[in-house]
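J.: This is start-v5.cif (mmCIF, C-alpha atoms).
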```cif
data_coords
#
loop_
_atom_site.label_atom_id
_atom_site.label_comp_id
_atom_site.auth_asym_id
_atom_site.auth_seq_id
_atom_site.Cartn_x
_atom_site.Cartn_y
_atom_site.Cartn_z
CA MET A 791 -28.30 30.56 27.94
CA ALA A 792 -27.32 34.20 28.52
CA SER A 793 -26.70 36.48 25.55
CA ILE A 794 -23.14 37.48 24.69
CA LEU A 795 -22.27 41.07 23.84
CA LEU A 796 -19.77 41.53 20.99
CA THR A 797 -17.49 44.58 21.06
CA SER A 798 -14.39 45.61 19.15
CA GLN A 799 -11.44 47.91 19.77
CA THR A 800 -11.78 49.26 16.22
CA PRO A 801 -15.19 50.32 14.86
CA ALA A 802 -16.20 48.70 11.58
CA SER A 803 -19.33 48.83 9.46
CA PHE A 804 -18.37 45.76 7.45
CA THR A 805 -16.59 42.46 7.96
CA VAL A 806 -12.84 42.98 8.12
CA VAL A 807 -10.39 40.09 8.11
CA SER A 808 -6.82 40.98 8.94
CA ASN A 809 -4.13 39.85 6.53
CA VAL A 810 -2.06 38.86 9.55
CA PHE A 811 -4.86 36.49 10.58
CA ILE A 812 -5.02 35.01 7.08
CA ASP A 813 -1.25 34.63 6.74
CA ASP A 814 -0.15 33.64 10.23
CA TYR A 815 -3.14 32.19 12.09
CA MET A 816 -5.63 30.66 9.69
CA PRO A 817 -3.31 28.12 7.96
CA TYR A 818 -2.52 26.40 11.26
CA ALA A 819 -5.94 26.44 12.91
CA HIS A 820 -8.64 23.80 12.69
CA GLY A 821 -11.18 24.50 9.97
CA ASP A 822 -14.10 24.65 12.42
CA TYR A 823 -12.22 27.16 14.57
CA VAL A 824 -11.67 29.39 11.55
CA LYS A 825 -15.37 29.24 10.64
CA ILE A 826 -16.40 30.28 14.15
CA TYR A 827 -13.96 33.19 14.15
CA LEU A 828 -15.09 34.44 10.72
CA TYR A 829 -18.76 34.09 11.63
CA LEU A 830 -18.25 36.12 14.79
CA LEU A 831 -16.59 38.80 12.67
CA ARG A 832 -19.56 38.78 10.30
CA CYS A 833 -22.00 39.09 13.17
CA LEU A 834 -20.01 42.07 14.41
CA GLY A 835 -20.02 43.67 10.95
CA GLU A 836 -23.78 43.27 10.63
CA GLU A 837 -24.28 44.76 14.11
CA LYS A 838 -25.76 41.49 15.26
CA LYS A 839 -24.76 42.04 18.86
CA ASP A 840 -26.72 39.38 20.68
CA ILE A 841 -25.69 35.79 20.05
CA SER A 842 -25.42 32.70 22.22
CA ILE A 843 -23.38 29.53 22.34
CA SER A 844 -26.48 27.49 21.62
CA SER A 845 -27.33 29.59 18.53
CA LEU A 846 -23.78 29.14 17.24
CA ALA A 847 -24.04 25.39 17.83
CA ASP A 848 -27.30 25.25 15.87
CA ARG A 849 -25.83 27.37 13.10
CA PHE A 850 -22.82 25.10 12.53
CA GLU A 851 -24.50 21.84 13.61
CA ASN A 852 -21.93 21.34 16.35
CA THR A 853 -22.18 20.80 20.06
CA GLU A 854 -21.87 23.70 22.48
CA LYS A 855 -18.62 22.19 23.74
CA ASP A 856 -17.20 22.40 20.20
CA ILE A 857 -18.16 26.06 19.98
CA LEU A 858 -16.60 26.81 23.38
CA ARG A 859 -13.48 24.92 22.39
CA ALA A 860 -13.09 27.09 19.29
CA ILE A 861 -13.66 30.32 21.23
CA HIS A 862 -11.13 29.34 23.90
CA TYR A 863 -8.62 28.48 21.16
CA TRP A 864 -8.75 32.01 19.79
CA GLU A 865 -8.59 33.34 23.34
CA GLN A 866 -5.31 31.47 23.81
CA LYS A 867 -4.06 32.99 20.55
CA LYS A 868 -4.96 36.40 22.02
CA LEU A 869 -7.32 37.24 19.17
CA LEU A 870 -10.38 37.21 21.43
CA ILE A 871 -10.87 38.69 24.89
CA LEU A 872 -13.61 36.98 26.87
CA SER A 873 -15.69 38.35 29.74
CA TYR A 874 -17.26 36.10 32.36
CA ASP A 875 -19.94 36.42 35.02
CA GLN A 876 -19.87 34.99 38.54
CA LYS A 877 -20.98 31.60 37.23
CA ASN A 878 -18.00 31.55 34.86
CA THR A 879 -20.32 31.92 31.86
CA ILE A 880 -19.13 33.89 28.85
CA THR A 881 -20.92 37.21 28.72
CA GLY A 882 -18.77 39.12 26.25
CA ILE A 883 -16.36 38.60 23.38
CA SER A 884 -14.05 41.38 22.29
CA PHE A 885 -11.88 41.25 19.17
CA SER A 886 -8.28 42.32 19.58
CA ILE A 887 -6.01 43.46 16.76
CA PRO A 888 -4.12 40.45 15.35
CA SER A 889 -0.37 40.73 15.69
CA ASP A 890 2.47 38.55 14.43
CA PRO A 891 2.45 35.34 16.48
CA LYS A 892 5.48 34.43 18.52
CA ILE A 893 7.26 31.54 16.85
CA PRO A 894 8.70 28.88 19.20
CA GLU A 895 12.44 28.44 18.79
CA GLU A 896 12.26 24.69 18.22
CA THR A 897 9.81 25.07 15.29
CA SER A 898 10.99 28.27 13.64
CA PRO A 899 14.70 28.51 12.98
CA LEU A 900 15.85 31.71 11.36
CA LEU A 901 16.85 31.80 7.75
CA GLU A 902 20.51 31.85 8.72
CA THR A 903 20.18 28.44 10.40
CA ILE A 904 18.54 26.75 7.40
CA PRO A 905 21.08 24.68 5.46
CA GLN A 906 21.77 26.16 2.07
CA GLU A 907 23.69 23.23 0.60
CA MET A 908 22.99 19.53 0.58
CA PRO A 909 25.30 16.69 -0.53
CA VAL A 910 25.03 16.19 -4.29
CA PRO A 911 25.72 12.71 -5.72
CA LYS A 912 27.85 12.46 -8.86
CA ASN A 913 25.89 11.06 -11.74
CA GLU A 914 28.24 11.73 -14.60
CA LYS A 915 29.29 9.02 -17.02
CA ASN A 916 32.47 7.04 -16.39
CA GLU A 917 32.62 8.20 -12.79
CA GLN A 918 32.21 6.06 -9.73
CA PRO A 919 29.41 7.29 -7.45
CA THR A 920 30.70 8.75 -4.24
CA GLU A 921 29.60 7.27 -0.95
CA LEU A 922 26.87 9.44 0.50
CA THR A 923 25.54 9.73 3.99
CA THR A 924 21.82 10.15 4.59
CA PRO A 925 21.18 13.87 5.03
CA THR A 926 19.49 15.18 8.12
CA ILE A 927 15.95 16.36 7.36
CA ASN A 928 15.09 19.47 9.29
CA LYS A 929 11.56 19.88 10.54
CA ARG A 930 9.58 22.25 8.37
CA PRO A 931 9.72 25.71 9.96
CA ILE A 932 6.98 28.32 10.07
CA TYR A 933 8.23 31.33 8.17
CA THR A 934 7.27 34.77 9.40
CA ALA A 935 5.93 37.47 7.15
CA GLU A 936 9.35 39.19 7.17
CA GLN A 937 11.12 35.97 6.16
CA ILE A 938 8.64 35.33 3.38
CA ALA A 939 9.04 38.87 2.08
CA CYS A 940 12.82 38.49 2.17
CA ILE A 941 12.80 35.22 0.23
CA LYS A 942 10.29 36.55 -2.28
CA GLU A 943 12.80 39.17 -3.34
CA ASP A 944 14.63 36.40 -5.18
CA PRO A 945 13.54 36.54 -8.87
CA GLU A 946 13.77 32.75 -9.11
CA VAL A 947 11.33 32.36 -6.24
CA ILE A 948 8.88 34.82 -7.79
CA LEU A 949 8.97 32.92 -11.10
CA LEU A 950 8.65 29.58 -9.26
CA LEU A 951 5.54 30.71 -7.38
CA GLU A 952 3.97 31.88 -10.62
CA GLN A 953 4.75 28.59 -12.37
CA ILE A 954 3.39 26.47 -9.53
CA GLU A 955 0.28 28.63 -9.37
CA HIS A 956 -0.22 28.04 -13.09
CA THR A 957 0.42 24.29 -12.66
CA LEU A 958 -2.08 23.97 -9.81
CA GLN A 959 -4.50 26.26 -11.64
CA LYS A 960 -5.40 28.06 -8.46
CA LEU A 961 -4.13 30.84 -6.25
CA LEU A 962 -1.51 29.77 -3.75
CA LYS A 963 -2.58 29.61 -0.13
CA PRO A 964 -0.25 30.71 2.67
CA SER A 965 0.29 27.04 3.51
CA ASP A 966 1.35 26.40 -0.11
CA ILE A 967 3.85 29.25 0.06
CA GLN A 968 5.20 27.94 3.36
CA LEU A 969 5.84 24.51 1.80
CA ILE A 970 7.43 25.91 -1.36
CA LEU A 971 9.82 28.05 0.68
CA TYR A 972 10.68 25.02 2.81
CA LEU A 973 11.51 23.02 -0.33
CA TYR A 974 13.63 25.88 -1.66
CA GLU A 975 15.36 26.96 1.56
CA GLY A 976 15.06 24.01 3.93
CA LEU A 977 15.70 21.09 1.56
CA GLY A 978 17.77 23.06 -0.93
CA PHE A 979 15.77 21.93 -3.97
CA SER A 980 16.30 23.79 -7.20
CA THR A 981 13.36 25.61 -8.76
CA GLN A 982 13.32 23.06 -11.62
CA LEU A 983 13.17 20.14 -9.16
CA ILE A 984 10.37 21.77 -7.15
CA LEU A 985 8.35 22.39 -10.30
CA TYR A 986 8.84 18.77 -11.41
CA LEU A 987 7.78 17.61 -7.93
CA TYR A 988 4.46 19.40 -8.26
CA GLU A 989 3.95 18.15 -11.82
CA TYR A 990 4.61 14.57 -10.71
CA CYS A 991 2.22 14.73 -7.75
CA ILE A 992 -0.50 16.23 -9.96
CA SER A 993 0.01 13.40 -12.48
CA MET A 994 -0.57 10.93 -9.62
CA ASN A 995 -3.78 12.82 -8.65
CA LYS A 996 -2.21 13.47 -5.25
CA ALA A 997 -1.61 17.20 -5.16
CA HIS A 998 -2.32 17.41 -1.42
CA ILE A 999 0.22 19.45 0.51
CA ASN A 1000 1.06 16.58 2.90
CA TYR A 1001 1.71 14.14 0.04
CA ILE A 1002 3.94 16.65 -1.77
CA GLU A 1003 5.95 17.26 1.40
CA GLN A 1004 6.41 13.54 2.07
CA VAL A 1005 7.61 12.86 -1.48
CA ALA A 1006 10.06 15.74 -1.19
CA ILE A 1007 11.42 14.40 2.11
CA ASN A 1008 11.87 10.94 0.56
CA TRP A 1009 13.75 12.46 -2.35
CA SER A 1010 15.99 14.41 -0.02
CA ARG A 1011 16.79 11.27 1.99
CA ASP A 1012 17.59 9.44 -1.24
CA ASN A 1013 19.92 12.30 -2.28
CA ILE A 1014 17.83 13.17 -5.32
CA ARG A 1015 19.03 16.60 -6.34
CA THR A 1016 18.33 16.83 -10.08
CA VAL A 1017 15.29 16.48 -12.31
CA GLU A 1018 16.97 13.57 -14.12
CA GLN A 1019 17.35 11.62 -10.89
CA ALA A 1020 13.77 12.40 -9.93
CA GLU A 1021 12.49 11.27 -13.33
CA LEU A 1022 14.32 7.96 -12.97
CA THR A 1023 12.91 7.44 -9.48
CA THR A 1024 9.33 8.30 -10.42
CA LYS A 1025 9.54 6.11 -13.52
CA GLN A 1026 10.63 3.16 -11.40
CA TYR A 1027 7.91 3.87 -8.84
CA LYS A 1028 5.20 4.04 -11.49
CA GLN A 1029 6.48 0.79 -13.02
CA TYR A 1030 6.41 -0.96 -9.65
CA GLN A 1031 2.87 0.28 -9.05
CA LYS A 1032 1.90 -1.07 -12.47
CA ASP A 1033 3.55 -4.41 -11.70
CA TYR A 1034 1.83 -4.64 -8.32
CA ALA A 1035 -1.51 -4.03 -10.01
CA ALA A 1036 -0.73 -6.79 -12.54
CA ILE A 1037 0.08 -9.24 -9.72
CA ALA A 1038 -3.16 -8.39 -7.93
CA LYS A 1039 -5.11 -8.94 -11.16
CA ALA A 1040 -3.36 -12.27 -11.85
CA LEU A 1041 -4.39 -13.49 -8.40
CA GLY A 1042 -7.97 -12.34 -8.88
CA PHE A 1043 -7.85 -9.57 -6.28
CA PRO A 1044 -10.50 -6.83 -6.58
CA ARG A 1045 -8.13 -4.63 -4.57
CA SER A 1046 -4.54 -3.49 -4.50
CA LEU A 1047 -1.85 -5.49 -2.72
CA ALA A 1048 -1.62 -5.17 1.04
CA GLN A 1049 1.58 -4.04 2.72
CA ALA A 1050 2.79 -7.57 3.49
CA GLU A 1051 2.00 -8.66 -0.06
CA CYS A 1052 3.89 -5.67 -1.46
CA ALA A 1053 6.90 -6.77 0.58
CA PHE A 1054 6.85 -10.12 -1.24
CA ALA A 1055 6.44 -8.41 -4.62
CA LYS A 1056 9.28 -6.00 -3.86
CA LYS A 1057 11.60 -8.90 -3.03
CA TRP A 1058 10.72 -10.71 -6.25
CA LEU A 1059 11.09 -7.65 -8.48
CA GLU A 1060 13.88 -5.70 -6.80
CA GLU A 1061 16.03 -8.13 -4.79
CA TRP A 1062 15.74 -11.18 -7.06
CA ASN A 1063 15.34 -9.07 -10.24
CA PHE A 1064 12.62 -11.23 -11.76
CA PRO A 1065 10.78 -9.73 -14.75
CA ILE A 1066 7.09 -9.29 -14.19
CA GLU A 1067 6.36 -12.10 -16.68
CA MET A 1068 8.11 -14.62 -14.42
CA VAL A 1069 6.20 -13.44 -11.36
CA LEU A 1070 2.88 -13.66 -13.20
CA ASP A 1071 3.77 -17.17 -14.41
CA ALA A 1072 4.49 -18.22 -10.82
CA CYS A 1073 1.11 -16.75 -9.80
CA LYS A 1074 -0.60 -18.78 -12.54
CA ARG A 1075 1.11 -21.99 -11.44
CA THR A 1076 0.09 -21.33 -7.84
CA ILE A 1077 -3.57 -20.79 -8.71
CA LEU A 1078 -3.67 -24.01 -10.79
CA GLN A 1079 -1.90 -26.03 -8.12
CA THR A 1080 -3.45 -24.72 -4.89
CA GLN A 1081 -6.65 -22.99 -6.13
CA SER A 1082 -5.72 -20.05 -3.91
CA ALA A 1083 -3.56 -16.89 -3.92
CA ASN A 1084 -0.86 -18.38 -1.71
CA PHE A 1085 2.07 -15.95 -1.53
CA ILE A 1086 4.18 -18.51 0.34
CA TYR A 1087 3.75 -20.97 -2.52
CA ILE A 1088 4.56 -18.29 -5.11
CA ASN A 1089 7.65 -17.38 -3.13
CA SER A 1090 8.78 -21.03 -3.05
CA ILE A 1091 8.49 -21.28 -6.84
CA LEU A 1092 10.45 -18.10 -7.43
CA ALA A 1093 13.01 -19.04 -4.77
CA SER A 1094 13.69 -22.34 -6.53
CA TRP A 1095 14.08 -20.52 -9.83
CA HIS A 1096 16.36 -17.94 -8.25
CA ASP A 1097 18.59 -20.62 -6.72
CA ALA A 1098 18.74 -22.43 -10.06
CA GLY A 1099 19.58 -19.24 -11.98
CA ILE A 1100 16.29 -19.29 -13.92
CA HIS A 1101 15.17 -15.75 -14.75
CA THR A 1102 13.37 -16.04 -18.10
CA LEU A 1103 10.28 -17.86 -19.32
CA GLU A 1104 12.40 -19.80 -21.82
CA GLN A 1105 14.67 -21.07 -19.07
CA ALA A 1106 11.62 -22.02 -17.01
CA LYS A 1107 10.18 -23.97 -19.97
CA GLN A 1108 13.47 -25.84 -20.44
CA ALA A 1109 13.52 -26.69 -16.73
CA ASP A 1110 9.93 -27.96 -17.00
CA ASP A 1111 10.87 -30.19 -19.97
CA ILE A 1112 13.82 -31.67 -18.10
CA PHE A 1113 11.66 -32.23 -15.04
CA ASN A 1114 8.93 -33.91 -17.10
CA LYS A 1115 11.40 -36.20 -18.86
CA THR A 1116 13.01 -37.14 -15.56
CA SER A 1117 9.62 -37.76 -13.98
CA ALA A 1118 8.49 -39.92 -16.93
CA LYS A 1119 11.69 -41.97 -16.71
CA LYS A 1120 11.19 -42.52 -12.99
CA ILE A 1121 7.57 -43.55 -13.53
CA LYS A 1122 8.57 -46.04 -16.24
CA GLN A 1123 11.26 -47.52 -14.02
CA GLN A 1124 8.76 -47.90 -11.20
CA GLN A 1125 6.28 -49.59 -13.55
CA ASN A 1126 8.97 -52.06 -14.70
CA ILE A 1127 9.79 -52.90 -11.11
CA GLN A 1128 6.12 -53.49 -10.33
CA ALA A 1129 5.73 -55.70 -13.44
CA SER A 1130 8.70 -57.85 -12.49
CA ASN A 1131 7.37 -58.23 -8.97
CA SER A 1132 3.97 -59.27 -10.28
CA ARG A 1133 5.54 -62.22 -12.18
CA THR A 1134 7.19 -63.65 -9.06
CA GLN A 1135 4.34 -62.98 -6.65
CA PRO A 1136 0.65 -63.91 -6.85
CA VAL A 1137 -1.35 -61.25 -8.58
CA TYR A 1138 -3.94 -61.40 -5.88
CA GLN A 1139 -3.45 -62.44 -2.30
CA ARG A 1140 -6.55 -62.96 -0.28
CA ALA A 1141 -6.54 -61.15 3.02
CA LYS A 1142 -6.43 -63.63 5.88
CA ASN A 1143 -9.45 -63.66 8.16
CA ARG A 1144 -11.58 -66.26 9.96
CA PHE A 1145 -13.15 -67.34 6.66
CA THR A 1146 -9.93 -67.70 4.70
CA SER A 1147 -7.50 -68.71 7.42
CA PHE A 1148 -7.66 -72.41 6.39
CA GLU A 1149 -4.96 -73.91 4.20
CA GLN A 1150 -5.60 -73.32 0.52
CA HIS A 1151 -5.41 -76.15 -2.06
CA HIS A 1152 -2.87 -75.83 -4.84
CA TYR A 1153 -3.73 -78.05 -7.86
CA SER A 1154 -1.24 -78.96 -10.55
CA LYS A 1155 -2.07 -79.57 -14.20
CA GLU A 1156 -2.16 -83.36 -13.69
CA ASP A 1157 -4.54 -82.94 -10.76
CA MET A 1158 -6.89 -80.87 -12.89
CA GLU A 1159 -6.91 -83.59 -15.64
CA LEU A 1160 -7.81 -86.32 -13.12
CA ILE A 1161 -10.65 -84.20 -11.78
CA GLU A 1162 -11.92 -83.60 -15.31
CA ARG A 1163 -11.97 -87.38 -16.11
CA ALA A 1164 -13.87 -88.09 -12.91
CA LEU A 1165 -16.49 -85.52 -13.80
CA LEU A 1166 -16.94 -87.05 -17.26
CA ARG A 1167 -17.40 -90.54 -15.83
CA ASN A 1168 -19.95 -89.19 -13.40
CA SER A 1169 -21.92 -87.53 -16.22
CA GLU A 1170 -22.37 -90.95 -17.94
CA ASN A 1171 -24.30 -92.18 -14.92
CA ILE A 1172 -26.95 -89.50 -15.34
CA THR A 1173 -30.23 -90.91 -16.63
CA ARG A 1174 -33.02 -89.08 -18.35
CA LYS A 1175 -36.36 -89.10 -16.59
CA GLY A 1176 -39.12 -87.34 -18.49
CA ASP A 1177 -37.99 -83.89 -19.65
CA ARG A 1178 -35.45 -83.63 -16.90
CA TYR A 1179 -32.05 -85.06 -16.28
CA GLU A 1180 -31.48 -86.29 -12.78
CA PRO A 1181 -28.43 -87.95 -11.33
CA TYR A 1182 -28.59 -91.71 -10.87
CA GLN A 1183 -29.38 -92.66 -7.30
#
```
Re-express the file's structure as structure tokens.
T.:
Amino acid sequence: MASILLTSQTPASFTVVSNVFIDDYMPYAHGDYVKIYLYLLRCLGEEKKDISISSLADRFENTEKDILRAIHYWEQKKLLILSYDQKNTITGISFSIPSDPKIPEETSPLLETIPQEMPVPKNEKNEQPTELTTPTINKRPIYTAEQIACIKEDPEVILLLEQIEHTLQKLLKPSDIQLILYLYEGLGFSTQLILYLYEYCISMNKAHINYIEQVAINWSRDNIRTVEQAELTTKQYKQYQKDYAAIAKALGFPRSLAQAECAFAKKWLEEWNFPIEMVLDACKRTILQTQSANFIYINSILASWHDAGIHTLEQAKQADDIFNKTSAKKIKQQQNIQASNSRTQPVYQRAKNRFTSFEQHHYSKEDMELIERALLRNSENITRKGDRYEPYQ
């Protein structure tokens, strides 16, 4: 593989990383692409002029195609200028000065086009909630350096960034700042609500930027605009997660509930408003009856309770007592019927076959007495011969 000559438009005796690259390019590039770019910069700073695609592949334990893919990516971003020979092989890489990237119109609306107000539900006492329409969620824009600087002039935003940085216990990355500004400007969240959002996600051990953004979008769709509303929602969510875990444990699962199983649990707890104790009792009955975690069977038990208006363990116990008494009464009635039938019908009827198909004899009491007398008379005719008794011939 031919060597590649590295040159730069600006001389440097050390590795220089542009702030524009860090702010506007690095957050949106693949991690491997960023590593290749930074390593090329380091090679340039150390005056290591001769490198090759194969050496880069060995260095990062990637294939040569992966290295070429990263280099061509930065070429498309106009951060690298490549030179080729007649065989279309890269012979030179030149670093250009990073400039502000051009933001596509469909992904970067200006600040003036970002909605500043969102519908706020009334949550005051003695007031009927107003009917709300689901707000439109704008796609998260990519803020330019000028837009970020403009928004950062707001004292509330400055304080918010400091508080979130303290909550996360780390310096904010450009991607973190982009998300925070989207929550503040794009979704119209208050600084208190944004701070609570981060605190909640950290408490769930899910402080990833994608998870935080998805929770925020869900809150916006549910018209959650205050910390009080968010606290109520998160409390309910945590309770449901706790209940789902209890159901899984009652059924002997070493895992959490699957999506289809959660749909059943949600119907039992939210639509039918069963307390978790009733659901767990239905699970216990199902295990004892079917020896399996049959959600269809559990659903049938709870459905029968729901139709009968049974929603407490005490009501279920009363229904069981009534059922047991009714069942015992039916069993006793059936036993009485069988007893009466046994008095009018022979206790045992021999199955008819070729050995028992002949007509059976039916002896009366008088017949049995005559037979007995005949046997006695016959016994008098037996004579004793030696030590044995033999019938008289």
J.: Which residue out of A:Thr957, A:Asn1008, A:Thr881, A:Gln1019 has the minimum interatomic distance to Glu989 of chain A when all atoms listed in the file are used?
T.: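 Result for the nearest residue to Glu989 of chain A: A:Thr957.
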J.: When you look at Ile857 of chain A with a cut-off of 9 Å (counting all atoms listed in the file), what residues show up, excluding the ones that are within fewer than 6 positions of it in the same chain? I need them as a PDB file with C-alpha atoms, in the frame of the given file.
T.:
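Listed below is the output, result-v3.pdb:
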```pdb
ATOM      1  CA  ASP A 822     -14.100  24.650  12.420  1.00  0.00           C
ATOM      2  CA  TYR A 823     -12.220  27.160  14.570  1.00  0.00           C
ATOM      3  CA  ILE A 826     -16.400  30.280  14.150  1.00  0.00           C
ATOM      4  CA  ILE A 843     -23.380  29.530  22.340  1.00  0.00           C
ATOM      5  CA  SER A 844     -26.480  27.490  21.620  1.00  0.00           C
ATOM      6  CA  LEU A 846     -23.780  29.140  17.240  1.00  0.00           C
ATOM      7  CA  ALA A 847     -24.040  25.390  17.830  1.00  0.00           C
ATOM      8  CA  PHE A 850     -22.820  25.100  12.530  1.00  0.00           C
TER       9      PHE A 850
END
```
J.: Could you give me, as a tab-separated table, a per-residue list for segment 974-1077 of chain A showing, wherever an atom lies at most 10 Å from an atom of segment 929-951 of chain A, the closest pair of atoms and their distance in Å to one decimal, using all atoms listed in the file and sorting by chain then residue number from low to high?
T.:
```
residue	atom	partner	partner_atom	distance
A:Tyr974	CA	A:Val947	CA	8.3
A:Glu975	CA	A:Ile941	CA	8.7
A:Gly976	CA	A:Arg930	CA	7.3
A:Leu977	CA	A:Arg930	CA	9.2
A:Ser980	CA	A:Glu946	CA	9.5
A:Thr981	CA	A:Leu950	CA	6.2
A:Gln982	CA	A:Leu950	CA	8.4
A:Ile984	CA	A:Leu950	CA	8.3
A:Leu985	CA	A:Leu950	CA	7.3
A:Glu1003	CA	A:Arg930	CA	9.3
```
J.: Have a look at atom CA of Tyr815 of chain A and atom CA of Leu828 of chain A and let me know their distance in Å, one decimal.
T.: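 If I compute the distance from atom CA of Tyr815 of chain A to atom CA of Leu828 of chain A, I get 12.2 Å.
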J.: Would you work out the distance separating atom CA of Lys996 of chain A from atom CA of Thr1024 of chain A, expressed in Å to one decimal?
T.: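 So the answer is 13.7 Å.
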J.: Can you work out which one of A:Cys1073, A:Ala1164, A:Met1068, A:Ile1014 has the shortest atom-to-atom distance to Trp1095 of chain A, counting all atoms listed in the file?
T.: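 Under the stated criterion, the closest residue is A:Met1068.
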J.: Can you work out which one of A:Ile999, A:Ala1048, A:Val810, A:Ala1083 has the shortest atom-to-atom distance to Ala1035 of chain A, counting all atoms listed in the file?
T.: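 Under the stated criterion, the closest residue is A:Ala1048.
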J.: Given the choices A:Phe1064, A:Tyr990, A:Phe1054, A:Phe885, which gets closest to Lys1028 of chain A if the distance is worked out from only C-alpha atoms?
T.: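 Ranking A:Phe1064, A:Tyr990, A:Phe1054, A:Phe885 by distance to Lys1028 of chain A, first place goes to A:Tyr990.
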J.: Between atom CA of Glu1051 of chain A and atom CA of Pro1065 of chain A, what distance in Å does the model show, to one decimal?
T.: 17.1 Å
J.: Apply the PyMOL selection byres ((chain A and resi 1092) around 9) to the displayed file and report the matching residues as a PyMOL selection string.
T.: chain A and resi 1058+1062+1064+1068-1069+1072+1087-1091+1093-1097+1100
J.: Edge lengths and centre, in Å to one decimal, as AutoDock Vina command-line options: that's what I need for the box along x, y and z that holds all listed atoms of segment 1093-1099 of chain A plus 3 Å on each side.
T.:
```
--center_x 16.3 --center_y -20.2 --center_z -8.4 --size_x 12.6 --size_y 10.5 --size_z 13.2
```
J.: Nearest residue to His1101 of chain A out of A:Asp1071, A:Phe1043, A:Gln968, A:Asn852, using only C-alpha atoms?
T.: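 Once distances to His1101 of chain A are computed over only C-alpha atoms, the minimum belongs to A:Asp1071.
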J.: Once the PyMOL selection byres ((chain A and resi 1031) around 12) is applied to the coordinates I shared, what remains selected? I want it as a list in words.
T.: Met994, Thr1024, Lys1025, Gln1026, Tyr1027, Lys1028, Gln1029, Tyr1030, Lys1032, Asp1033, Tyr1034, Ala1035, Ala1036, Ile1037, Ala1038, Ser1046, Leu1047, Cys1052, Ala1055, Lys1056, Leu1059 and Ile1066 of chain A
J.: Given the choices A:Ser1169, A:Thr1016, A:Asn809, A:Gln1081, which gets closest to Tyr986 of chain A if the distance is worked out from only C-alpha atoms?
T.: A:Thr1016
J.: Compile the contact shell of Ile871 of chain A as a PyMOL selection string: residues with an atom at most 7 Å away, counting all atoms listed in the file, same-chain residues fewer than 3 positions apart removed.
T.: chain A and resi 865+868+883-886
J.: Written as a PyMOL selection string, which residues does the PyMOL selection byres ((chain A and resi 831) around 9) give for the file shown?
T.: chain A and resi 804-807+826-830+832-836+885
J.: Could you pull the residues within 9 Å of Ser965 of chain A, counting only C-alpha atoms, minus those fewer than 4 positions along the same chain, as a count of residues only?
T.: 6
